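Asks: Got a file for you: my_file04.pdb, PDB, C-alpha atoms.
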ATOM      1  CA  MET W  24     -22.789 -83.463 -52.555
ATOM      2  CA  ASP W  25     -21.689 -85.534 -55.535
ATOM      3  CA  ALA W  26     -20.900 -84.865 -59.207
ATOM      4  CA  ILE W  27     -24.584 -84.766 -60.174
ATOM      5  CA  ASP W  28     -25.381 -82.224 -57.446
ATOM      6  CA  ARG W  29     -22.502 -80.069 -58.699
ATOM      7  CA  LEU W  30     -23.783 -80.330 -62.237
ATOM      8  CA  ILE W  31     -27.262 -79.258 -61.123
ATOM      9  CA  ILE W  32     -25.920 -76.277 -59.185
ATOM     10  CA  ASN W  33     -23.632 -75.154 -61.996
ATOM     11  CA  GLN W  34     -26.324 -75.440 -64.638
ATOM     12  CA  LEU W  35     -29.147 -73.893 -62.663
ATOM     13  CA  GLN W  36     -27.701 -70.622 -61.395
ATOM     14  CA  SER W  37     -29.421 -68.405 -63.895
ATOM     15  CA  ASP W  38     -31.753 -69.768 -66.519
ATOM     16  CA  PHE W  39     -34.380 -72.069 -65.143
ATOM     17  CA  PRO W  40     -36.951 -72.383 -67.950
ATOM     18  CA  ILE W  41     -40.332 -70.701 -67.764
ATOM     19  CA  CYS W  42     -42.476 -73.298 -69.549
ATOM     20  CA  GLU W  43     -45.038 -75.989 -68.650
ATOM     21  CA  THR W  44     -42.558 -78.695 -67.614
ATOM     22  CA  PRO W  45     -39.314 -76.921 -66.705
ATOM     23  CA  TYR W  46     -37.904 -79.736 -64.556
ATOM     24  CA  GLN W  47     -38.399 -82.160 -67.435
ATOM     25  CA  VAL W  48     -36.558 -79.794 -69.804
ATOM     26  CA  VAL W  49     -33.615 -79.367 -67.437
ATOM     27  CA  ALA W  50     -33.522 -83.066 -66.530
ATOM     28  CA  GLU W  51     -33.224 -84.024 -70.199
ATOM     29  CA  ARG W  52     -30.429 -81.524 -70.689
ATOM     30  CA  LEU W  53     -28.539 -83.013 -67.732
ATOM     31  CA  GLY W  54     -29.285 -86.647 -68.511
ATOM     32  CA  LEU W  55     -31.440 -87.167 -65.405
ATOM     33  CA  THR W  56     -35.042 -88.083 -64.867
ATOM     34  CA  GLU W  57     -37.482 -85.366 -63.858
ATOM     35  CA  ALA W  58     -38.225 -87.143 -60.566
ATOM     36  CA  ASN W  59     -34.538 -87.474 -59.786
ATOM     37  CA  LEU W  60     -33.859 -83.783 -60.452
ATOM     38  CA  ILE W  61     -36.740 -82.742 -58.180
ATOM     39  CA  GLU W  62     -35.566 -85.105 -55.431
ATOM     40  CA  ARG W  63     -32.036 -83.751 -55.586
ATOM     41  CA  LEU W  64     -33.208 -80.145 -55.443
ATOM     42  CA  GLN W  65     -35.341 -81.026 -52.406
ATOM     43  CA  ALA W  66     -32.319 -82.604 -50.719
ATOM     44  CA  LEU W  67     -30.014 -79.650 -51.526
ATOM     45  CA  LEU W  68     -32.565 -77.274 -50.023
ATOM     46  CA  ALA W  69     -33.121 -79.488 -46.980
ATOM     47  CA  ASN W  70     -29.413 -79.782 -46.169
ATOM     48  CA  GLY W  71     -28.812 -76.058 -46.602
ATOM     49  CA  THR W  72     -26.561 -76.150 -49.680
ATOM     50  CA  LEU W  73     -29.141 -73.998 -51.432
ATOM     51  CA  THR W  74     -30.652 -70.976 -49.743
ATOM     52  CA  ARG W  75     -33.511 -70.916 -52.160
ATOM     53  CA  PHE W  76     -34.700 -72.163 -55.507
ATOM     54  CA  GLY W  77     -36.533 -69.427 -57.322
ATOM     55  CA  PRO W  78     -36.274 -65.844 -58.542
ATOM     56  CA  LEU W  79     -33.842 -63.108 -57.636
ATOM     57  CA  TYR W  80     -35.475 -59.706 -58.033
ATOM     58  CA  HIS W  81     -34.054 -56.407 -59.148
ATOM     59  CA  ALA W  82     -34.831 -54.452 -55.991
ATOM     60  CA  GLU W  83     -34.477 -50.929 -57.353
ATOM     61  CA  ARG W  84     -36.644 -51.664 -60.377
ATOM     62  CA  MET W  85     -39.275 -53.044 -58.049
ATOM     63  CA  GLY W  86     -39.323 -49.684 -56.354
ATOM     64  CA  GLY W  87     -37.320 -50.584 -53.266
ATOM     65  CA  ALA W  88     -34.266 -48.783 -51.908
ATOM     66  CA  LEU W  89     -31.054 -50.597 -51.050
ATOM     67  CA  THR W  90     -27.854 -49.372 -49.556
ATOM     68  CA  LEU W  91     -24.635 -50.663 -48.056
ATOM     69  CA  ALA W  92     -23.770 -49.225 -44.653
ATOM     70  CA  ALA W  93     -21.019 -49.721 -42.120
ATOM     71  CA  VAL W  94     -20.152 -48.848 -38.522
ATOM     72  CA  LYS W  95     -16.989 -48.880 -36.428
ATOM     73  CA  VAL W  96     -17.884 -51.024 -33.436
ATOM     74  CA  PRO W  97     -15.584 -51.039 -30.402
ATOM     75  CA  SER W  98     -14.635 -54.689 -29.772
ATOM     76  CA  GLU W  99     -16.151 -54.778 -26.285
ATOM     77  CA  ARG W 100     -19.526 -53.691 -27.699
ATOM     78  CA  PHE W 101     -19.590 -56.087 -30.628
ATOM     79  CA  ALA W 102     -22.242 -58.525 -29.392
ATOM     80  CA  GLU W 103     -24.500 -55.744 -28.150
ATOM     81  CA  VAL W 104     -24.318 -53.746 -31.391
ATOM     82  CA  THR W 105     -24.802 -56.872 -33.523
ATOM     83  CA  ALA W 106     -28.022 -57.634 -31.661
ATOM     84  CA  LEU W 107     -29.247 -54.043 -31.976
ATOM     85  CA  ILE W 108     -28.582 -53.856 -35.712
ATOM     86  CA  ASN W 109     -29.886 -57.323 -36.575
ATOM     87  CA  ALA W 110     -33.133 -56.530 -34.769
ATOM     88  CA  PHE W 111     -34.008 -54.035 -37.522
ATOM     89  CA  PRO W 112     -36.155 -55.818 -40.111
ATOM     90  CA  GLU W 113     -34.675 -53.455 -42.714
ATOM     91  CA  VAL W 114     -31.253 -55.098 -42.254
ATOM     92  CA  ALA W 115     -30.974 -57.778 -44.922
ATOM     93  CA  HIS W 116     -27.358 -58.873 -44.557
ATOM     94  CA  ASN W 117     -24.856 -58.189 -41.844
ATOM     95  CA  TYR W 118     -21.192 -59.150 -41.951
ATOM     96  CA  ALA W 119     -18.230 -58.626 -39.685
ATOM     97  CA  ARG W 120     -15.211 -57.541 -41.715
ATOM     98  CA  SER W 121     -11.505 -57.228 -41.039
ATOM     99  CA  HIS W 122     -11.180 -53.445 -40.740
ATOM    100  CA  GLU W 123     -11.729 -50.598 -38.327
ATOM    101  CA  LEU W 124     -15.088 -50.251 -40.099
ATOM    102  CA  ASN W 125     -15.887 -53.728 -38.886
ATOM    103  CA  MET W 126     -19.614 -54.203 -39.354
ATOM    104  CA  TRP W 127     -21.151 -53.998 -42.829
ATOM    105  CA  PHE W 128     -24.835 -54.382 -43.528
ATOM    106  CA  VAL W 129     -27.323 -53.972 -46.338
ATOM    107  CA  LEU W 130     -30.476 -51.944 -45.684
ATOM    108  CA  ALA W 131     -33.535 -52.752 -47.748
ATOM    109  CA  THR W 132     -36.473 -50.378 -47.462
ATOM    110  CA  GLU W 133     -39.376 -49.376 -49.640
ATOM    111  CA  THR W 134     -38.291 -45.753 -49.905
ATOM    112  CA  LEU W 135     -35.224 -43.556 -49.490
ATOM    113  CA  ASP W 136     -37.030 -41.723 -46.725
ATOM    114  CA  GLN W 137     -37.378 -44.952 -44.736
ATOM    115  CA  GLN W 138     -33.743 -45.715 -45.438
ATOM    116  CA  GLN W 139     -32.711 -42.402 -43.903
ATOM    117  CA  LYS W 140     -34.995 -42.952 -40.912
ATOM    118  CA  THR W 141     -33.533 -46.406 -40.343
ATOM    119  CA  ILE W 142     -30.000 -45.014 -40.456
ATOM    120  CA  THR W 143     -30.918 -42.321 -37.965
ATOM    121  CA  ALA W 144     -32.545 -44.899 -35.682
ATOM    122  CA  ILE W 145     -29.465 -47.135 -35.819
ATOM    123  CA  GLU W 146     -27.229 -44.166 -34.999
ATOM    124  CA  GLN W 147     -29.444 -43.230 -32.053
ATOM    125  CA  GLN W 148     -29.661 -46.754 -30.656
ATOM    126  CA  THR W 149     -25.980 -47.599 -31.058
ATOM    127  CA  GLY W 150     -24.456 -44.160 -30.571
ATOM    128  CA  LEU W 151     -22.243 -44.925 -33.583
ATOM    129  CA  ARG W 152     -21.927 -43.056 -36.844
ATOM    130  CA  VAL W 153     -23.369 -44.969 -39.796
ATOM    131  CA  TYR W 154     -21.383 -44.691 -43.012
ATOM    132  CA  ASN W 155     -23.892 -44.837 -45.843
ATOM    133  CA  MET W 156     -22.578 -46.029 -49.207
ATOM    134  CA  PRO W 157     -25.409 -46.335 -51.701
ATOM    135  CA  LYS W 158     -24.693 -47.841 -55.070
ATOM    136  CA  LEU W 159     -24.052 -45.251 -57.778
ATOM    137  CA  HIS W 160     -23.387 -47.707 -60.552
ATOM    138  CA  GLU W 161     -23.298 -51.475 -60.910
ATOM    139  CA  TYR W 162     -20.856 -53.018 -63.358
ATOM    140  CA  PHE W 163     -22.276 -56.173 -64.830
ATOM    141  CA  VAL W 164     -20.809 -59.430 -63.605
ATOM    142  CA  GLY W 165     -22.139 -62.834 -64.557
ATOM    143  CA  LEU W 166     -22.451 -64.222 -61.041
ATOM    144  CA  LYS W 167     -21.541 -67.828 -61.032
ATOM    145  CA  LEU W 168     -19.881 -69.830 -58.321
ATOM    146  CA  GLU W 169     -18.650 -73.157 -59.493
ATOM    147  CA  ALA W 170     -19.678 -75.980 -57.191
TER     148      ALA W 170
ATOM    149  CA  MET Z   4     -44.582 -51.726 -66.256
ATOM    150  CA  PHE Z   5     -46.211 -54.187 -63.836
ATOM    151  CA  ASP Z   6     -49.599 -54.440 -62.220
ATOM    152  CA  ALA Z   7     -51.180 -55.725 -59.003
ATOM    153  CA  ARG Z   8     -51.374 -59.283 -60.336
ATOM    154  CA  ASP Z   9     -47.656 -59.187 -61.148
ATOM    155  CA  TYR Z  10     -46.991 -58.129 -57.559
ATOM    156  CA  GLU Z  11     -49.080 -61.007 -56.230
ATOM    157  CA  LEU Z  12     -47.219 -63.409 -58.443
ATOM    158  CA  LEU Z  13     -43.783 -62.085 -57.446
ATOM    159  CA  ALA Z  14     -44.755 -62.188 -53.783
ATOM    160  CA  HIS Z  15     -45.960 -65.749 -54.117
ATOM    161  CA  VAL Z  16     -42.858 -67.170 -55.790
ATOM    162  CA  GLN Z  17     -40.279 -65.118 -53.886
ATOM    163  CA  LEU Z  18     -39.435 -67.822 -51.375
ATOM    164  CA  GLY Z  19     -39.208 -70.552 -53.944
ATOM    165  CA  LEU Z  20     -40.758 -72.335 -56.892
ATOM    166  CA  PRO Z  21     -42.827 -75.436 -56.142
ATOM    167  CA  LEU Z  22     -40.848 -78.653 -56.619
ATOM    168  CA  CYS Z  23     -43.343 -80.583 -58.713
ATOM    169  CA  PRO Z  24     -43.620 -81.428 -62.419
ATOM    170  CA  ARG Z  25     -45.884 -78.462 -63.259
ATOM    171  CA  PRO Z  26     -44.641 -75.756 -60.868
ATOM    172  CA  TYR Z  27     -46.212 -72.833 -62.711
ATOM    173  CA  GLU Z  28     -49.573 -74.570 -62.783
ATOM    174  CA  ALA Z  29     -49.287 -74.999 -59.002
ATOM    175  CA  VAL Z  30     -48.502 -71.290 -58.608
ATOM    176  CA  GLY Z  31     -51.471 -70.445 -60.819
ATOM    177  CA  THR Z  32     -53.810 -72.610 -58.777
ATOM    178  CA  ALA Z  33     -52.812 -70.785 -55.600
ATOM    179  CA  LEU Z  34     -53.473 -67.403 -57.230
ATOM    180  CA  ALA Z  35     -56.522 -68.285 -59.336
ATOM    181  CA  MET Z  36     -54.501 -67.710 -62.487
ATOM    182  CA  SER Z  37     -54.117 -70.031 -65.447
ATOM    183  CA  GLU Z  38     -50.786 -71.728 -66.021
ATOM    184  CA  GLN Z  39     -50.534 -69.852 -69.320
ATOM    185  CA  GLU Z  40     -50.999 -66.503 -67.597
ATOM    186  CA  VAL Z  41     -48.313 -67.344 -65.015
ATOM    187  CA  LEU Z  42     -45.890 -68.252 -67.811
ATOM    188  CA  GLU Z  43     -46.633 -65.089 -69.771
ATOM    189  CA  ARG Z  44     -46.271 -62.822 -66.764
ATOM    190  CA  LEU Z  45     -43.041 -64.438 -65.555
ATOM    191  CA  ASN Z  46     -41.499 -64.373 -69.023
ATOM    192  CA  ARG Z  47     -42.331 -60.691 -69.348
ATOM    193  CA  LEU Z  48     -41.031 -59.852 -65.861
ATOM    194  CA  LYS Z  49     -37.783 -61.618 -66.708
ATOM    195  CA  GLN Z  50     -37.470 -59.766 -70.012
ATOM    196  CA  GLN Z  51     -38.128 -56.473 -68.270
ATOM    197  CA  GLY Z  52     -35.351 -57.276 -65.820
ATOM    198  CA  LEU Z  53     -37.496 -57.260 -62.675
ATOM    199  CA  ILE Z  54     -36.517 -60.871 -62.290
ATOM    200  CA  LYS Z  55     -32.738 -60.779 -62.547
ATOM    201  CA  ARG Z  56     -32.214 -64.507 -62.367
ATOM    202  CA  LEU Z  57     -34.262 -67.619 -61.877
ATOM    203  CA  GLY Z  58     -32.626 -70.699 -60.465
ATOM    204  CA  VAL Z  59     -30.623 -71.924 -57.502
ATOM    205  CA  ILE Z  60     -29.442 -69.448 -54.877
ATOM    206  CA  VAL Z  61     -26.413 -71.025 -53.246
ATOM    207  CA  LYS Z  62     -24.802 -70.721 -49.841
ATOM    208  CA  HIS Z  63     -21.232 -69.705 -50.609
ATOM    209  CA  HIS Z  64     -19.910 -71.360 -47.494
ATOM    210  CA  ARG Z  65     -21.451 -74.715 -48.280
ATOM    211  CA  LEU Z  66     -19.722 -74.774 -51.658
ATOM    212  CA  GLY Z  67     -16.379 -74.174 -49.984
ATOM    213  CA  TYR Z  68     -16.156 -70.452 -50.791
ATOM    214  CA  ARG Z  69     -14.968 -69.499 -47.349
ATOM    215  CA  ALA Z  70     -12.951 -66.427 -48.184
ATOM    216  CA  ASN Z  71     -14.982 -63.415 -49.147
ATOM    217  CA  ALA Z  72     -13.087 -60.207 -49.757
ATOM    218  CA  MET Z  73     -14.450 -56.771 -50.418
ATOM    219  CA  ILE Z  74     -11.783 -54.678 -52.120
ATOM    220  CA  VAL Z  75     -12.136 -50.918 -52.319
ATOM    221  CA  TRP Z  76     -10.103 -48.403 -54.335
ATOM    222  CA  ASN Z  77      -9.876 -44.657 -54.569
ATOM    223  CA  VAL Z  78     -10.110 -44.124 -58.316
ATOM    224  CA  PRO Z  79      -9.887 -40.741 -60.077
ATOM    225  CA  GLU Z  80     -13.354 -39.886 -61.340
ATOM    226  CA  HIS Z  81     -12.381 -39.864 -65.019
ATOM    227  CA  LEU Z  82     -11.030 -43.433 -64.848
ATOM    228  CA  ILE Z  83     -13.730 -45.076 -62.811
ATOM    229  CA  LYS Z  84     -16.076 -46.203 -65.553
ATOM    230  CA  ALA Z  85     -13.409 -47.874 -67.678
ATOM    231  CA  LEU Z  86     -11.848 -49.476 -64.626
ATOM    232  CA  GLY Z  87     -15.184 -50.731 -63.289
ATOM    233  CA  GLN Z  88     -15.919 -52.351 -66.631
ATOM    234  CA  ARG Z  89     -12.466 -53.874 -66.762
ATOM    235  CA  ILE Z  90     -12.584 -55.279 -63.221
ATOM    236  CA  SER Z  91     -16.019 -56.799 -63.694
ATOM    237  CA  GLN Z  92     -14.618 -58.944 -66.525
ATOM    238  CA  PHE Z  93     -12.334 -60.984 -64.269
ATOM    239  CA  SER Z  94     -13.863 -64.427 -63.790
ATOM    240  CA  PHE Z  95     -13.281 -64.395 -60.022
ATOM    241  CA  VAL Z  96     -14.976 -61.017 -59.432
ATOM    242  CA  THR Z  97     -18.534 -61.611 -58.237
ATOM    243  CA  LEU Z  98     -19.762 -58.015 -57.787
ATOM    244  CA  CYS Z  99     -18.492 -54.588 -58.815
ATOM    245  CA  TYR Z 100     -20.014 -51.278 -57.733
ATOM    246  CA  GLN Z 101     -19.302 -47.570 -57.755
ATOM    247  CA  ARG Z 102     -20.218 -45.879 -54.455
ATOM    248  CA  PRO Z 103     -19.737 -42.336 -53.147
ATOM    249  CA  ILE Z 104     -16.600 -41.242 -51.320
ATOM    250  CA  GLN Z 105     -17.187 -40.379 -47.631
ATOM    251  CA  PRO Z 106     -15.311 -38.308 -45.113
ATOM    252  CA  GLU Z 107     -12.696 -40.685 -43.600
ATOM    253  CA  TRP Z 108     -13.538 -43.321 -46.221
ATOM    254  CA  PRO Z 109     -11.959 -42.253 -49.520
ATOM    255  CA  TYR Z 110     -13.034 -45.208 -51.675
ATOM    256  CA  ASN Z 111     -15.373 -45.137 -54.648
ATOM    257  CA  LEU Z 112     -14.923 -48.471 -56.427
ATOM    258  CA  TYR Z 113     -15.869 -51.759 -54.748
ATOM    259  CA  CYS Z 114     -15.534 -55.318 -55.870
ATOM    260  CA  MET Z 115     -16.099 -58.698 -54.267
ATOM    261  CA  ILE Z 116     -14.016 -61.797 -54.732
ATOM    262  CA  HIS Z 117     -15.381 -65.091 -53.416
ATOM    263  CA  GLY Z 118     -12.657 -67.716 -53.162
ATOM    264  CA  LYS Z 119     -11.880 -70.988 -51.480
ATOM    265  CA  ASP Z 120      -9.252 -69.432 -49.196
ATOM    266  CA  ARG Z 121      -7.581 -66.108 -48.446
ATOM    267  CA  GLN Z 122      -4.313 -66.923 -50.175
ATOM    268  CA  THR Z 123      -6.090 -67.644 -53.434
ATOM    269  CA  VAL Z 124      -8.113 -64.461 -53.164
ATOM    270  CA  LEU Z 125      -5.024 -62.356 -52.461
ATOM    271  CA  ALA Z 126      -3.212 -63.911 -55.434
ATOM    272  CA  GLN Z 127      -6.199 -63.135 -57.656
ATOM    273  CA  LEU Z 128      -6.262 -59.589 -56.383
ATOM    274  CA  GLU Z 129      -2.563 -59.190 -57.087
ATOM    275  CA  GLN Z 130      -3.135 -60.376 -60.634
ATOM    276  CA  LEU Z 131      -6.055 -57.973 -61.039
ATOM    277  CA  ASN Z 132      -4.073 -55.021 -59.712
ATOM    278  CA  ALA Z 133      -1.149 -55.833 -61.998
ATOM    279  CA  ASP Z 134      -3.246 -56.403 -65.119
ATOM    280  CA  CYS Z 135      -5.179 -53.186 -64.593
ATOM    281  CA  GLU Z 136      -2.010 -51.294 -63.572
ATOM    282  CA  ILE Z 137      -3.644 -49.924 -60.448
ATOM    283  CA  GLU Z 138      -1.145 -50.999 -57.777
ATOM    284  CA  HIS Z 139      -0.497 -47.331 -57.019
ATOM    285  CA  LEU Z 140      -4.118 -46.519 -56.145
ATOM    286  CA  GLU Z 141      -5.122 -46.168 -52.526
ATOM    287  CA  SER Z 142      -6.879 -49.414 -51.645
ATOM    288  CA  THR Z 143      -8.035 -51.680 -48.815
ATOM    289  CA  VAL Z 144      -9.063 -55.319 -48.548
ATOM    290  CA  LEU Z 145     -11.792 -56.311 -46.084
ATOM    291  CA  PHE Z 146     -12.297 -60.023 -45.535
ATOM    292  CA  SER Z 147     -15.589 -61.140 -44.072
ATOM    293  CA  LEU Z 148     -15.134 -62.705 -40.657
ATOM    294  CA  ARG Z 149     -18.645 -63.757 -39.752
ATOM    295  CA  CYS Z 150     -22.056 -63.563 -41.308
ATOM    296  CA  PHE Z 151     -24.629 -62.500 -38.728
ATOM    297  CA  LYS Z 152     -27.642 -62.270 -40.920
ATOM    298  CA  GLN Z 153     -28.490 -63.256 -44.462
ATOM    299  CA  ARG Z 154     -32.117 -63.338 -45.338
ATOM    300  CA  GLY Z 155     -33.772 -64.018 -48.631
ATOM    301  CA  ALA Z 156     -36.315 -61.933 -50.446
ATOM    302  CA  ARG Z 157     -38.963 -60.257 -48.349
ATOM    303  CA  TYR Z 158     -41.684 -58.816 -50.393
ATOM    304  CA  GLN Z 159     -45.172 -57.685 -49.617
ATOM    305  CA  PRO Z 160     -47.730 -57.663 -52.390
ATOM    306  CA  ILE Z 161     -49.705 -54.807 -53.959
ATOM    307  CA  ASP Z 162     -48.430 -51.411 -52.916
ATOM    308  CA  LYS Z 163     -45.499 -52.465 -50.755
ATOM    309  CA  PRO Z 164     -42.663 -53.461 -53.033
ATOM    310  CA  ALA Z 165     -39.852 -53.978 -50.510
ATOM    311  CA  LEU Z 166     -37.507 -56.404 -52.183
ATOM    312  CA  VAL Z 167     -33.988 -57.498 -51.693
ATOM    313  CA  HIS Z 168     -31.833 -60.180 -53.114
ATOM    314  CA  GLY Z 169     -30.643 -62.677 -50.567
TER     315      GLY Z 169
END
Give the structure from the file, written as C-alpha cells.
Replies:
Amino acid sequence: MDAIDRLIINQLQSDFPICETPYQVVAERLGLTEANLIERLQALLANGTLTRFGPLYHAERMGGALTLAAVKVPSERFAEVTALINAFPEVAHNYARSHELNMWFVLATETLDQQQKTITAIEQQTGLRVYNMPKLHEYFVGLKLEA
Amino acid sequence: MFDARDYELLAHVQLGLPLCPRPYEAVGTALAMSEQEVLERLNRLKQQGLIKRLGVIVKHHRLGYRANAMIVWNVPEHLIKALGQRISQFSFVTLCYQRPIQPEWPYNLYCMIHGKDRQTVLAQLEQLNADCEIEHLESTVLFSLRCFKQRGARYQPIDKPALVHG
C-alpha cells in the first residue's frame, strides 16, 4: 500500500458519487486516471485491504433487527462454543474480548421474533446464558479510519 | 418508502459495485433497468438514509488498527444523552451507543476506539475520561482479542430484508 492507495482509501470512505461516470469524477479529484483508480481498487480488494467496495445499509430502516450479545465462555470450552455460535447464519460478527464476558457477537435477523428464537437456540446449544444488549440509541460518529 | 425494485437493486449491489467506467449502467443491465433509473433510485435511497454510506469498507487490521477497545460506562439516566453526544465528538471514537443495563452487567453507554496499539487507545481513553469528567463512573474496557467472524451484507430481495453492515 503506497501513498496513492492511502489517498484513495481516505477519500472514498463515504461519498462515492452516484452519477454516470463516478470513477472518472473521483479520479479527477485525486489526480489519477480513471483506469488507474479502477485498477488500484481491484488490487486493494484482491489483497484484502478492502472488505468491500459498495454500499453500507441502515439495517433497522431496511426492516431488519440487530443486536449485540455476549456470553461467558469457560476457557476449556472456547473452541467448541465458537464453532457452535459461528454456525448460526444469524451471527454477523463474533469477537473474543478481554473480560469474563469473553465472546461478543452481533445477531442480524429479519424480525425481533427471530432474534429471540436465535438467542434461545444459542442458549440451548451452548448451555450458556446470552446477555442481550440491543441498541437503544446511536450517537452519530463520522466513521473514518485514516489509512 | 421503497418498493420491490429498490429491494432488487439493493440486493444486487450489496456485495460491491462493478469496477468499470459505467458501473450503474452495468447494474442496470443486470436488472433490466435503465442507467438513469438506477441513479435515481440510489440517490433517493441514500437521501432517505437506507444507504448509510457508499464507498470503501476497510479491514481495520490491514490498515494497522490492531487495538480495538469497547469501553462501557454506567451513566446516570439523566446524563446519558449529553454524555453520548459529547463522547461521539472525539475524533478517535468510532461508534457510540446506548444499550440497556442487565443484571450483572450494569453498563448503559458503549463506545469503540480503534487505534494502532493498546497504549495509544488507553491514553485516548484517559483523555476522554478527563475531558468529560467521568473518571468516577463505573466503567470497563474490553479489548478485542480475536475476530472469529466478520461477514459483509447479506440481503435477500423482495420480502426478506435481512441486512447488516459488515
Asks: Do a neighbour search on stretch 68-78 of chain W at 10 Å with only C-alpha atoms, toss out local chain neighbours closer than 3 positions, and write the hits as an mmCIF file with C-alpha atoms, in the coordinates of the input.
Replies:
data_model
loop_
_atom_site.group_PDB
_atom_site.id
_atom_site.type_symbol
_atom_site.label_atom_id
_atom_site.label_comp_id
_atom_site.auth_asym_id
_atom_site.auth_seq_id
_atom_site.Cartn_x
_atom_site.Cartn_y
_atom_site.Cartn_z
ATOM 1 C CA MET W 24 -22.789 -83.463 -52.555
ATOM 2 C CA ASP W 28 -25.381 -82.224 -57.446
ATOM 3 C CA ILE W 32 -25.920 -76.277 -59.185
ATOM 4 C CA LEU W 35 -29.147 -73.893 -62.663
ATOM 5 C CA GLN W 36 -27.701 -70.622 -61.395
ATOM 6 C CA SER W 37 -29.421 -68.405 -63.895
ATOM 7 C CA ASP W 38 -31.753 -69.768 -66.519
ATOM 8 C CA PHE W 39 -34.380 -72.069 -65.143
ATOM 9 C CA GLU W 62 -35.566 -85.105 -55.431
ATOM 10 C CA ARG W 63 -32.036 -83.751 -55.586
ATOM 11 C CA LEU W 64 -33.208 -80.145 -55.443
ATOM 12 C CA GLN W 65 -35.341 -81.026 -52.406
ATOM 13 C CA HIS W 81 -34.054 -56.407 -59.148
ATOM 14 C CA LEU Z 13 -43.783 -62.085 -57.446
ATOM 15 C CA VAL Z 16 -42.858 -67.170 -55.790
ATOM 16 C CA GLN Z 17 -40.279 -65.118 -53.886
ATOM 17 C CA LEU Z 18 -39.435 -67.822 -51.375
ATOM 18 C CA GLY Z 19 -39.208 -70.552 -53.944
ATOM 19 C CA LEU Z 20 -40.758 -72.335 -56.892
ATOM 20 C CA PRO Z 21 -42.827 -75.436 -56.142
ATOM 21 C CA LEU Z 22 -40.848 -78.653 -56.619
ATOM 22 C CA LEU Z 45 -43.041 -64.438 -65.555
ATOM 23 C CA LYS Z 49 -37.783 -61.618 -66.708
ATOM 24 C CA LEU Z 53 -37.496 -57.260 -62.675
ATOM 25 C CA ILE Z 54 -36.517 -60.871 -62.290
ATOM 26 C CA LYS Z 55 -32.738 -60.779 -62.547
ATOM 27 C CA ARG Z 56 -32.214 -64.507 -62.367
ATOM 28 C CA LEU Z 57 -34.262 -67.619 -61.877
ATOM 29 C CA GLY Z 58 -32.626 -70.699 -60.465
ATOM 30 C CA VAL Z 59 -30.623 -71.924 -57.502
ATOM 31 C CA ILE Z 60 -29.442 -69.448 -54.877
ATOM 32 C CA VAL Z 61 -26.413 -71.025 -53.246
ATOM 33 C CA LYS Z 62 -24.802 -70.721 -49.841
ATOM 34 C CA HIS Z 63 -21.232 -69.705 -50.609
ATOM 35 C CA HIS Z 64 -19.910 -71.360 -47.494
ATOM 36 C CA ARG Z 65 -21.451 -74.715 -48.280
ATOM 37 C CA LEU Z 66 -19.722 -74.774 -51.658
ATOM 38 C CA GLN Z 153 -28.490 -63.256 -44.462
ATOM 39 C CA ARG Z 154 -32.117 -63.338 -45.338
ATOM 40 C CA GLY Z 155 -33.772 -64.018 -48.631
ATOM 41 C CA ALA Z 156 -36.315 -61.933 -50.446
ATOM 42 C CA HIS Z 168 -31.833 -60.180 -53.114
ATOM 43 C CA GLY Z 169 -30.643 -62.677 -50.567
#
Asks: Every residue with an atom at most 12 Å from (-11.1, -56.6, -63.4) (file coordinates; only C-alpha atoms) is what I'm after, so could you write them as an mmCIF file with C-alpha atoms, in the coordinates of the input?
Replies:
data_model
loop_
_atom_site.group_PDB
_atom_site.id
_atom_site.type_symbol
_atom_site.label_atom_id
_atom_site.label_comp_id
_atom_site.auth_asym_id
_atom_site.auth_seq_id
_atom_site.Cartn_x
_atom_site.Cartn_y
_atom_site.Cartn_z
ATOM 1 C CA TYR W 162 -20.856 -53.018 -63.358
ATOM 2 C CA PHE W 163 -22.276 -56.173 -64.830
ATOM 3 C CA VAL W 164 -20.809 -59.430 -63.605
ATOM 4 C CA ILE Z 74 -11.783 -54.678 -52.120
ATOM 5 C CA ILE Z 83 -13.730 -45.076 -62.811
ATOM 6 C CA LYS Z 84 -16.076 -46.203 -65.553
ATOM 7 C CA ALA Z 85 -13.409 -47.874 -67.678
ATOM 8 C CA LEU Z 86 -11.848 -49.476 -64.626
ATOM 9 C CA GLY Z 87 -15.184 -50.731 -63.289
ATOM 10 C CA GLN Z 88 -15.919 -52.351 -66.631
ATOM 11 C CA ARG Z 89 -12.466 -53.874 -66.762
ATOM 12 C CA ILE Z 90 -12.584 -55.279 -63.221
ATOM 13 C CA SER Z 91 -16.019 -56.799 -63.694
ATOM 14 C CA GLN Z 92 -14.618 -58.944 -66.525
ATOM 15 C CA PHE Z 93 -12.334 -60.984 -64.269
ATOM 16 C CA SER Z 94 -13.863 -64.427 -63.790
ATOM 17 C CA PHE Z 95 -13.281 -64.395 -60.022
ATOM 18 C CA VAL Z 96 -14.976 -61.017 -59.432
ATOM 19 C CA THR Z 97 -18.534 -61.611 -58.237
ATOM 20 C CA LEU Z 98 -19.762 -58.015 -57.787
ATOM 21 C CA CYS Z 99 -18.492 -54.588 -58.815
ATOM 22 C CA TYR Z 100 -20.014 -51.278 -57.733
ATOM 23 C CA LEU Z 112 -14.923 -48.471 -56.427
ATOM 24 C CA TYR Z 113 -15.869 -51.759 -54.748
ATOM 25 C CA CYS Z 114 -15.534 -55.318 -55.870
ATOM 26 C CA MET Z 115 -16.099 -58.698 -54.267
ATOM 27 C CA ILE Z 116 -14.016 -61.797 -54.732
ATOM 28 C CA GLN Z 127 -6.199 -63.135 -57.656
ATOM 29 C CA LEU Z 128 -6.262 -59.589 -56.383
ATOM 30 C CA GLU Z 129 -2.563 -59.190 -57.087
ATOM 31 C CA GLN Z 130 -3.135 -60.376 -60.634
ATOM 32 C CA LEU Z 131 -6.055 -57.973 -61.039
ATOM 33 C CA ASN Z 132 -4.073 -55.021 -59.712
ATOM 34 C CA ALA Z 133 -1.149 -55.833 -61.998
ATOM 35 C CA ASP Z 134 -3.246 -56.403 -65.119
ATOM 36 C CA CYS Z 135 -5.179 -53.186 -64.593
ATOM 37 C CA GLU Z 136 -2.010 -51.294 -63.572
ATOM 38 C CA ILE Z 137 -3.644 -49.924 -60.448
#
Asks: Please report, as AutoDock Vina command-line options, the centre and edge lengths in Å to one decimal of an axis-aligned box covering all listed atoms of stretch 101-115 of chain W with 3 Å per side.
Replies:
--center_x -27.9 --center_y -56.0 --center_z -36.5 --size_x 22.6 --size_y 11.1 --size_z 22.8
